[in-house]
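**Student:** Take a look at entry.pdb, PDB, C-alpha atoms:
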ATOM      1  CA  MET A   1     -82.269  53.259-118.971
ATOM      2  CA  ILE A   2     -79.566  55.221-117.210
ATOM      3  CA  GLU A   3     -79.398  58.996-116.959
ATOM      4  CA  PHE A   4     -76.569  61.196-115.756
ATOM      5  CA  SER A   5     -75.254  64.710-116.202
ATOM      6  CA  VAL A   6     -71.786  66.025-116.834
ATOM      7  CA  ASP A   7     -70.990  69.720-117.207
ATOM      8  CA  ASN A   8     -74.070  71.209-118.907
ATOM      9  CA  TYR A   9     -75.036  67.975-120.692
ATOM     10  CA  ASN A  10     -77.728  65.543-119.634
ATOM     11  CA  ILE A  11     -77.081  62.091-121.104
ATOM     12  CA  THR A  12     -79.653  59.310-121.185
ATOM     13  CA  VAL A  13     -78.844  55.814-122.448
ATOM     14  CA  PHE A  14     -81.504  53.312-123.490
ATOM     15  CA  VAL A  15     -80.456  49.732-124.247
ATOM     16  CA  GLY A  16     -82.893  47.300-125.806
ATOM     17  CA  GLN A  17     -85.763  49.772-126.048
ATOM     18  CA  LYS A  18     -86.774  52.980-127.773
ATOM     19  CA  PRO A  19     -87.260  56.004-125.536
ATOM     20  CA  ASP A  20     -90.989  56.520-124.832
ATOM     21  CA  ILE A  21     -90.629  60.167-125.824
ATOM     22  CA  LEU A  22     -88.447  59.605-128.920
ATOM     23  CA  ASP A  23     -90.693  61.875-130.994
ATOM     24  CA  PHE A  24     -90.126  64.699-128.465
ATOM     25  CA  TYR A  25     -86.365  64.173-128.649
ATOM     26  CA  LYS A  26     -86.477  64.188-132.450
ATOM     27  CA  LYS A  27     -88.537  67.394-132.455
ATOM     28  CA  HIS A  28     -85.825  69.163-130.441
ATOM     29  CA  ALA A  29     -82.854  67.462-132.090
ATOM     30  CA  VAL A  30     -80.120  69.567-133.618
ATOM     31  CA  PHE A  31     -78.322  66.397-134.753
ATOM     32  CA  ILE A  32     -79.407  62.790-135.306
ATOM     33  CA  ASP A  33     -77.066  59.926-136.199
ATOM     34  CA  ASP A  34     -79.278  56.881-136.669
ATOM     35  CA  LYS A  35     -77.876  55.315-139.840
ATOM     36  CA  ASP A  36     -76.797  52.234-137.865
ATOM     37  CA  LEU A  37     -80.391  51.426-136.846
ATOM     38  CA  LYS A  38     -80.453  49.341-140.042
ATOM     39  CA  ASN A  39     -78.040  46.866-138.405
ATOM     40  CA  GLU A  40     -79.220  43.676-136.736
ATOM     41  CA  GLY A  41     -79.107  43.452-132.961
ATOM     42  CA  THR A  42     -80.003  45.303-129.810
ATOM     43  CA  GLU A  43     -81.171  48.911-130.056
ATOM     44  CA  VAL A  44     -79.043  51.506-128.256
ATOM     45  CA  TYR A  45     -80.154  55.145-127.983
ATOM     46  CA  ILE A  46     -77.918  57.828-126.510
ATOM     47  CA  ILE A  47     -79.773  61.087-125.978
ATOM     48  CA  ILE A  48     -77.619  64.116-125.182
ATOM     49  CA  SER A  49     -79.459  67.262-124.105
ATOM     50  CA  LYS A  50     -77.850  70.647-123.648
ATOM     51  CA  GLY A  51     -79.755  73.280-121.731
ATOM     52  CA  PHE A  52     -82.843  72.884-119.589
ATOM     53  CA  SER A  53     -85.732  75.194-120.488
ATOM     54  CA  LYS A  54     -85.266  74.809-124.273
ATOM     55  CA  PRO A  55     -82.960  71.822-124.637
ATOM     56  CA  GLU A  56     -80.955  71.178-127.777
ATOM     57  CA  THR A  57     -80.859  67.444-128.301
ATOM     58  CA  THR A  58     -78.408  65.145-130.038
ATOM     59  CA  ILE A  59     -79.447  61.571-130.779
ATOM     60  CA  ILE A  60     -76.998  58.749-131.436
ATOM     61  CA  ALA A  61     -78.924  55.557-132.204
ATOM     62  CA  PHE A  62     -77.809  52.180-133.511
ATOM     63  CA  LYS A  63     -78.438  48.453-133.388
ATOM     64  CA  THR A  64     -75.562  46.169-132.511
ATOM     65  CA  ASP A  65     -74.648  42.826-131.006
ATOM     66  CA  PRO A  66     -73.318  41.580-128.711
ATOM     67  CA  VAL A  67     -74.625  43.840-125.951
ATOM     68  CA  GLY A  68     -75.005  42.811-122.332
ATOM     69  CA  TYR A  69     -73.160  39.514-122.157
ATOM     70  CA  ALA A  70     -69.547  38.286-122.045
ATOM     71  CA  GLY A  71     -68.459  41.690-120.721
ATOM     72  CA  PHE A  72     -69.757  43.582-123.771
ATOM     73  CA  LYS A  73     -71.597  46.344-121.968
ATOM     74  CA  PRO A  74     -72.096  49.848-123.349
ATOM     75  CA  GLY A  75     -69.481  52.345-122.225
ATOM     76  CA  LEU A  76     -69.145  56.120-122.423
ATOM     77  CA  HIS A  77     -66.222  58.386-121.641
ATOM     78  CA  TYR A  78     -66.522  62.182-121.606
ATOM     79  CA  GLU A  79     -63.460  64.323-122.163
ATOM     80  CA  LYS A  80     -64.200  67.769-120.719
ATOM     81  CA  GLU A  81     -61.312  69.723-122.260
ATOM     82  CA  ASN A  82     -62.508  69.014-125.815
ATOM     83  CA  GLN A  83     -66.152  68.241-124.979
ATOM     84  CA  THR A  84     -65.789  64.898-126.712
ATOM     85  CA  LEU A  85     -67.962  61.879-125.984
ATOM     86  CA  PHE A  86     -66.474  58.425-126.574
ATOM     87  CA  ILE A  87     -69.172  55.792-127.218
ATOM     88  CA  GLY A  88     -68.810  52.033-127.364
ATOM     89  CA  ALA A  89     -71.398  49.256-127.358
ATOM     90  CA  GLY A  90     -71.423  45.842-128.960
ATOM     91  CA  THR A  91     -69.504  46.250-132.206
ATOM     92  CA  ILE A  92     -70.014  50.027-132.569
ATOM     93  CA  ILE A  93     -67.433  52.637-131.591
ATOM     94  CA  LYS A  94     -67.978  56.363-132.167
ATOM     95  CA  THR A  95     -66.495  59.599-130.937
ATOM     96  CA  LEU A  96     -68.580  62.769-131.019
ATOM     97  CA  ARG A  97     -67.507  66.373-130.494
ATOM     98  CA  LEU A  98     -70.409  67.866-128.560
ATOM     99  CA  THR A  99     -69.662  71.526-129.343
ATOM    100  CA  ASP A 100     -70.725  71.106-132.984
ATOM    101  CA  ASN A 101     -72.136  67.534-133.011
ATOM    102  CA  LYS A 102     -69.449  66.255-135.344
ATOM    103  CA  ILE A 103     -68.741  62.534-135.516
ATOM    104  CA  ILE A 104     -64.947  62.375-135.332
ATOM    105  CA  PHE A 105     -64.515  58.596-135.554
ATOM    106  CA  GLU A 106     -66.770  55.612-136.119
ATOM    107  CA  LYS A 107     -66.369  51.929-136.796
ATOM    108  CA  ASN A 108     -68.364  48.743-136.695
ATOM    109  CA  SER A 109     -65.734  46.121-135.992
ATOM    110  CA  GLY A 110     -67.723  42.937-135.752
ATOM    111  CA  MET A 111     -66.205  42.172-132.341
ATOM    112  CA  GLY A 112     -67.253  43.187-128.837
ATOM    113  CA  PHE A 113     -66.439  46.467-127.073
ATOM    114  CA  TRP A 114     -65.052  46.196-123.517
ATOM    115  CA  GLY A 115     -64.261  49.709-122.301
ATOM    116  CA  TRP A 116     -62.496  53.074-122.291
ATOM    117  CA  THR A 117     -59.598  54.110-120.040
ATOM    118  CA  LYS A 118     -57.765  57.421-119.848
ATOM    119  CA  HIS A 119     -53.982  57.503-119.555
ATOM    120  CA  GLU A 120     -52.387  60.959-119.488
ATOM    121  CA  ASP A 121     -53.307  62.604-122.827
ATOM    122  CA  PHE A 122     -54.693  59.439-124.409
ATOM    123  CA  ILE A 123     -57.906  57.452-124.341
ATOM    124  CA  LEU A 124     -57.372  53.698-124.532
ATOM    125  CA  GLN A 125     -60.086  51.587-126.136
ATOM    126  CA  GLN A 126     -60.387  47.875-125.435
ATOM    127  CA  GLU A 127     -62.267  45.473-127.652
ATOM    128  CA  GLU A 128     -62.245  41.715-127.758
ATOM    129  CA  ILE A 129     -59.587  41.552-130.488
ATOM    130  CA  ASP A 130     -58.525  45.181-130.988
ATOM    131  CA  PHE A 131     -56.738  47.641-128.755
ATOM    132  CA  GLY A 132     -56.950  51.286-129.837
ATOM    133  CA  VAL A 133     -55.414  54.573-128.775
ATOM    134  CA  PHE A 134     -57.221  57.883-129.284
ATOM    135  CA  SER A 135     -56.354  61.533-128.792
ATOM    136  CA  LEU A 136     -58.417  63.507-126.287
ATOM    137  CA  LYS A 137     -60.171  65.051-129.317
ATOM    138  CA  GLY A 138     -61.595  61.663-130.338
ATOM    139  CA  GLU A 139     -59.247  60.894-133.222
ATOM    140  CA  GLN A 140     -57.974  57.328-133.403
ATOM    141  CA  LEU A 141     -54.176  57.411-133.417
ATOM    142  CA  TRP A 142     -53.638  53.690-133.965
ATOM    143  CA  GLU A 143     -55.080  50.240-133.406
ATOM    144  CA  ALA A 144     -53.501  46.819-132.906
ATOM    145  CA  PHE A 145     -54.793  43.275-133.093
ATOM    146  CA  VAL A 146     -54.794  41.389-129.784
ATOM    147  CA  SER A 147     -56.120  37.996-128.803
ATOM    148  CA  PRO A 148     -58.185  37.501-125.648
ATOM    149  CA  PRO A 149     -57.423  37.243-122.900
ATOM    150  CA  TYR A 150     -54.859  40.013-123.084
ATOM    151  CA  ASP A 151     -53.247  42.449-120.725
ATOM    152  CA  PHE A 152     -51.460  45.756-121.105
ATOM    153  CA  GLU A 153     -49.046  47.806-119.050
ATOM    154  CA  MET A 154     -48.047  51.449-119.387
ATOM    155  CA  LYS A 155     -44.365  52.354-119.142
ATOM    156  CA  GLU A 156     -43.452  56.018-119.751
ATOM    157  CA  ASP A 157     -44.316  56.752-123.418
ATOM    158  CA  LYS A 158     -44.807  53.076-124.260
ATOM    159  CA  ILE A 159     -47.485  50.447-123.892
ATOM    160  CA  ILE A 160     -46.747  46.774-123.457
ATOM    161  CA  LEU A 161     -49.416  44.464-124.874
ATOM    162  CA  LYS A 162     -49.374  40.814-123.709
ATOM    163  CA  PHE A 163     -51.398  38.100-125.481
ATOM    164  CA  ASP A 164     -50.895  34.532-126.772
ATOM    165  CA  ASP A 165     -47.409  34.326-125.185
ATOM    166  CA  ILE A 166     -46.508  37.427-127.232
ATOM    167  CA  VAL A 167     -45.195  40.637-125.697
ATOM    168  CA  GLU A 168     -45.347  43.720-127.936
ATOM    169  CA  THR A 169     -43.901  47.047-126.840
ATOM    170  CA  ARG A 170     -45.307  49.975-128.814
ATOM    171  CA  LEU A 171     -44.917  53.733-128.710
ATOM    172  CA  LEU A 172     -48.060  55.163-127.199
ATOM    173  CA  LEU A 173     -48.299  58.073-129.651
ATOM    174  CA  THR A 174     -47.764  56.171-132.923
ATOM    175  CA  GLY A 175     -48.234  52.472-132.177
ATOM    176  CA  ASP A 176     -44.841  51.711-133.725
ATOM    177  CA  LYS A 177     -43.227  48.571-132.330
ATOM    178  CA  VAL A 178     -39.989  49.073-130.414
TER     179      VAL A 178
END
Give the structure from the file, written as structure tokens.
**Tutor:**
Amino acid sequence: MIEFSVDNYNITVFVGQKPDILDFYKKHAVFIDDKDLKNEGTEVYIIISKGFSKPETTIIAFKTDPVGYAGFKPGLHYEKENQTLFIGAGTIIKTLRLTDNKIIFEKNSGMGFWGWTKHEDFILQQEEIDFGVFSLKGEQLWEAFVSPPYDFEMKEDKIILKFDDIVETRLLLTGDKV
């Protein structure tokens, strides 16, 4: 378990175990997204609490593999301006607007999640065979196939993806090849 706070949110992440006080969290939940608990794999629970004396709780729960090996560790990115939480673990990727608990984007790709990175007004998402670009509001702008190992480089309003002796230059906003 890992727990941290950002702004007025307390976020607790459980990997491979249910929270001991899951019933308490559910009792105070204003939103629960647990449809992906039907999947096979490792359980991941992300508990987001707002407030202290009478917390409002959001629960994002799913099962997924692979988690915890080959670099496929859970990753979160919080975007303060839009109060959007970017979630990735195993094969699951979700973005959640915390102001109204709306899932903006979700996918179960079948391949492993590697991480989030912010570049200017974009959030870059790395997976084993996909590279995605999101708006700060959590909307996926585009996605491209890549083959590991791959590398990328930012150049003005473009991104250069390098994999399998291929070099693709794409516009950062649209993903169009140039």
**Student:** How would you write, as an MDAnalysis selection string, the residues chosen by the PyMOL selection byres ((chain A and resi 111-127) around 8) on this structure?
**Tutor:** chainID A and resid 65:67 71:77 86 88:93 109:110 128:136
**Student:** Taking the file above as input, evaluate the PyMOL selection byres ((chain A and resi 154) around 12) and report the hits as a list in words.
**Tutor:**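 So the PyMOL selection byres ((chain A and resi 154) around 12) ends up selecting Thr117, Lys118, His119, Glu120, Phe122, Leu124, Asp151, Phe152, Glu153, Lys155, Glu156, Asp157, Lys158, Ile159, Ile160, Leu161, Lys162, Glu168, Thr169, Arg170, Leu171 and Leu172 of chain A.
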**Student:** Give me, as a PyMOL selection string, all polymer residues having an atom no more than 9 Å from segment 80-83 of chain A, counting all atoms listed in the file and skipping those fewer than 6 positions away in the same chain.
**Tutor:** chain A and resi 6-7+96-99+136-138
**Student:** Translate the PyMOL selection byres ((chain A and resi 32-46) around 7) into a concrete residue list for this structure, as a VMD selection string.
**Tutor:** chain A and resid 11 to 18 29 31 47 to 48 58 to 65 67
**Student:** Would you mind telling me which residue in A:Leu85, A:Ile2, A:Ile21, A:Val167 lies nearest to Phe105 of chain A when using all atoms listed in the file?
**Tutor:**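 Smallest distance to Phe105 of chain A is found for A:Leu85.
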**Student:** Could you check how far atom CA of Ser147 of chain A sits from atom CA of Phe163 of chain A, in Å to one decimal?
**Tutor:**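 The value is 5.8 Å.
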**Student:** Please define a box with edges along x, y and z of the file around all atoms of segment 63-67 of chain A given in the file, extend it by 6 Å on each side, and return its centre and edge lengths in Å to one decimal, as JSON.
**Tutor:**
{"center_x": -75.9, "center_y": 45.0, "center_z": -129.7, "size_x": 17.1, "size_y": 18.9, "size_z": 19.4}
**Student:** Just to confirm, what's the straight-line distance from atom CA of Tyr78 of chain A to atom CA of Gly51 of chain A in Å (one decimal)?
**Tutor:**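 Interatomic distance, atom CA of Tyr78 of chain A to atom CA of Gly51 of chain A: 17.3 Å.
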**Student:** Distance atom CA of Ser5 of chain A-atom CA of Asp23 of chain A, one decimal place?
**Tutor:**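 We find that atom CA of Ser5 of chain A and atom CA of Asp23 of chain A lie 21.6 Å from each other.
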**Student:** Closest to Lys102 of chain A among A:Thr174, A:Glu56, A:Gln140, A:Val30, using only C-alpha atoms?
**Tutor:**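 Between A:Thr174, A:Glu56, A:Gln140, A:Val30, the residue approaching Lys102 of chain A most closely is A:Val30.
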**Student:** Could you pull segment 131-147 of chain A out of the block above and give me all heavy atoms, as a short mmCIF file (atom, residue, chain, number, x, y, z; two decimals), in the first residue's frame?
**Tutor:**
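The resulting file, out_35.cif, is reproduced below:
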data_model
loop_
_atom_site.label_atom_id
_atom_site.label_comp_id
_atom_site.auth_asym_id
_atom_site.auth_seq_id
_atom_site.Cartn_x
_atom_site.Cartn_y
_atom_site.Cartn_z
N PHE A 131 2.04 4.04 -27.80
CA PHE A 131 2.45 5.34 -27.29
C PHE A 131 1.26 6.27 -27.50
O PHE A 131 0.76 6.40 -28.62
CB PHE A 131 3.68 5.87 -28.05
CG PHE A 131 4.23 7.13 -27.49
CD1 PHE A 131 5.21 7.09 -26.51
CD2 PHE A 131 3.76 8.37 -27.91
CE1 PHE A 131 5.72 8.26 -25.97
CE2 PHE A 131 4.26 9.53 -27.37
CZ PHE A 131 5.24 9.49 -26.41
N GLY A 132 0.76 6.88 -26.42
CA GLY A 132 -0.43 7.72 -26.52
C GLY A 132 -0.17 9.13 -26.07
O GLY A 132 0.73 9.40 -25.27
N VAL A 133 -0.98 10.05 -26.59
CA VAL A 133 -0.91 11.45 -26.21
C VAL A 133 -2.30 11.88 -25.77
O VAL A 133 -3.29 11.63 -26.46
CB VAL A 133 -0.40 12.32 -27.38
CG1 VAL A 133 -0.43 13.80 -27.01
CG2 VAL A 133 1.01 11.90 -27.79
N PHE A 134 -2.35 12.51 -24.58
CA PHE A 134 -3.60 12.94 -23.97
C PHE A 134 -3.59 14.45 -23.76
O PHE A 134 -2.53 15.06 -23.59
CB PHE A 134 -3.77 12.29 -22.59
CG PHE A 134 -4.13 10.84 -22.64
CD1 PHE A 134 -3.18 9.88 -22.94
CD2 PHE A 134 -5.42 10.43 -22.36
CE1 PHE A 134 -3.51 8.54 -22.97
CE2 PHE A 134 -5.77 9.09 -22.39
CZ PHE A 134 -4.81 8.14 -22.70
N SER A 135 -4.78 15.03 -23.72
CA SER A 135 -4.92 16.42 -23.29
C SER A 135 -4.80 16.46 -21.78
O SER A 135 -4.90 15.42 -21.11
CB SER A 135 -6.29 16.98 -23.72
OG SER A 135 -7.31 16.41 -22.92
N LEU A 136 -4.64 17.64 -21.21
CA LEU A 136 -4.57 17.78 -19.76
C LEU A 136 -5.90 17.43 -19.09
O LEU A 136 -5.96 17.20 -17.89
CB LEU A 136 -4.16 19.20 -19.38
CG LEU A 136 -2.78 19.65 -19.86
CD1 LEU A 136 -2.50 21.08 -19.41
CD2 LEU A 136 -1.68 18.71 -19.41
N LYS A 137 -6.98 17.39 -19.88
CA LYS A 137 -8.31 17.04 -19.37
C LYS A 137 -8.55 15.53 -19.35
O LYS A 137 -9.62 15.08 -18.96
CB LYS A 137 -9.39 17.71 -20.20
CG LYS A 137 -9.39 19.22 -20.08
CD LYS A 137 -10.48 19.82 -20.93
CE LYS A 137 -10.50 21.33 -20.78
NZ LYS A 137 -11.56 21.94 -21.60
N GLY A 138 -7.57 14.75 -19.81
CA GLY A 138 -7.70 13.30 -19.78
C GLY A 138 -8.26 12.67 -21.03
O GLY A 138 -8.53 11.47 -21.06
N GLU A 139 -8.41 13.44 -22.09
CA GLU A 139 -8.92 12.90 -23.35
C GLU A 139 -7.74 12.41 -24.19
O GLU A 139 -6.76 13.13 -24.36
CB GLU A 139 -9.67 13.99 -24.13
CG GLU A 139 -10.84 14.56 -23.36
CD GLU A 139 -11.16 16.00 -23.73
OE1 GLU A 139 -10.27 16.73 -24.18
OE2 GLU A 139 -12.32 16.38 -23.53
N GLN A 140 -7.86 11.19 -24.72
CA GLN A 140 -6.79 10.70 -25.58
C GLN A 140 -6.91 11.39 -26.94
O GLN A 140 -7.95 11.38 -27.57
CB GLN A 140 -6.86 9.18 -25.76
CG GLN A 140 -5.66 8.67 -26.54
CD GLN A 140 -5.68 7.17 -26.72
OE1 GLN A 140 -6.67 6.62 -27.20
NE2 GLN A 140 -4.59 6.51 -26.35
N LEU A 141 -5.80 12.02 -27.36
CA LEU A 141 -5.78 12.71 -28.64
C LEU A 141 -5.41 11.76 -29.78
O LEU A 141 -5.95 11.85 -30.87
CB LEU A 141 -4.79 13.88 -28.59
CG LEU A 141 -5.08 14.93 -27.50
CD1 LEU A 141 -3.98 15.97 -27.44
CD2 LEU A 141 -6.44 15.57 -27.74
N TRP A 142 -4.45 10.87 -29.51
CA TRP A 142 -4.06 9.88 -30.51
C TRP A 142 -3.19 8.81 -29.85
O TRP A 142 -2.72 8.98 -28.74
CB TRP A 142 -3.37 10.51 -31.71
CG TRP A 142 -2.11 11.28 -31.41
CD1 TRP A 142 -2.02 12.61 -31.06
CD2 TRP A 142 -0.75 10.79 -31.44
NE1 TRP A 142 -0.70 12.96 -30.87
CE2 TRP A 142 0.10 11.87 -31.12
CE3 TRP A 142 -0.18 9.56 -31.72
CZ2 TRP A 142 1.48 11.74 -31.05
CZ3 TRP A 142 1.20 9.43 -31.67
CH2 TRP A 142 2.01 10.52 -31.34
N GLU A 143 -2.99 7.73 -30.60
CA GLU A 143 -2.18 6.62 -30.13
C GLU A 143 -1.47 6.02 -31.34
O GLU A 143 -2.02 5.99 -32.44
CB GLU A 143 -3.09 5.58 -29.47
CG GLU A 143 -2.38 4.41 -28.88
CD GLU A 143 -3.34 3.50 -28.14
OE1 GLU A 143 -4.18 2.85 -28.81
OE2 GLU A 143 -3.26 3.45 -26.90
N ALA A 144 -0.26 5.53 -31.15
CA ALA A 144 0.50 4.93 -32.23
C ALA A 144 1.12 3.62 -31.75
O ALA A 144 1.50 3.48 -30.59
CB ALA A 144 1.60 5.87 -32.70
N PHE A 145 1.21 2.67 -32.66
CA PHE A 145 1.89 1.42 -32.38
C PHE A 145 3.39 1.67 -32.36
O PHE A 145 3.93 2.38 -33.21
CB PHE A 145 1.56 0.38 -33.46
CG PHE A 145 2.43 -0.84 -33.37
CD1 PHE A 145 2.13 -1.84 -32.45
CD2 PHE A 145 3.56 -0.98 -34.16
CE1 PHE A 145 2.95 -2.96 -32.34
CE2 PHE A 145 4.38 -2.09 -34.05
CZ PHE A 145 4.07 -3.09 -33.14
N VAL A 146 4.07 1.08 -31.39
CA VAL A 146 5.53 1.08 -31.32
C VAL A 146 5.97 -0.33 -30.94
O VAL A 146 5.16 -1.13 -30.47
CB VAL A 146 6.07 2.10 -30.28
CG1 VAL A 146 5.85 3.53 -30.75
CG2 VAL A 146 5.43 1.89 -28.92
N SER A 147 7.22 -0.61 -31.15
CA SER A 147 7.76 -1.92 -30.81
C SER A 147 8.90 -1.74 -29.83
O SER A 147 9.78 -0.92 -30.07
CB SER A 147 8.24 -2.60 -32.10
OG SER A 147 8.80 -3.85 -31.81
#
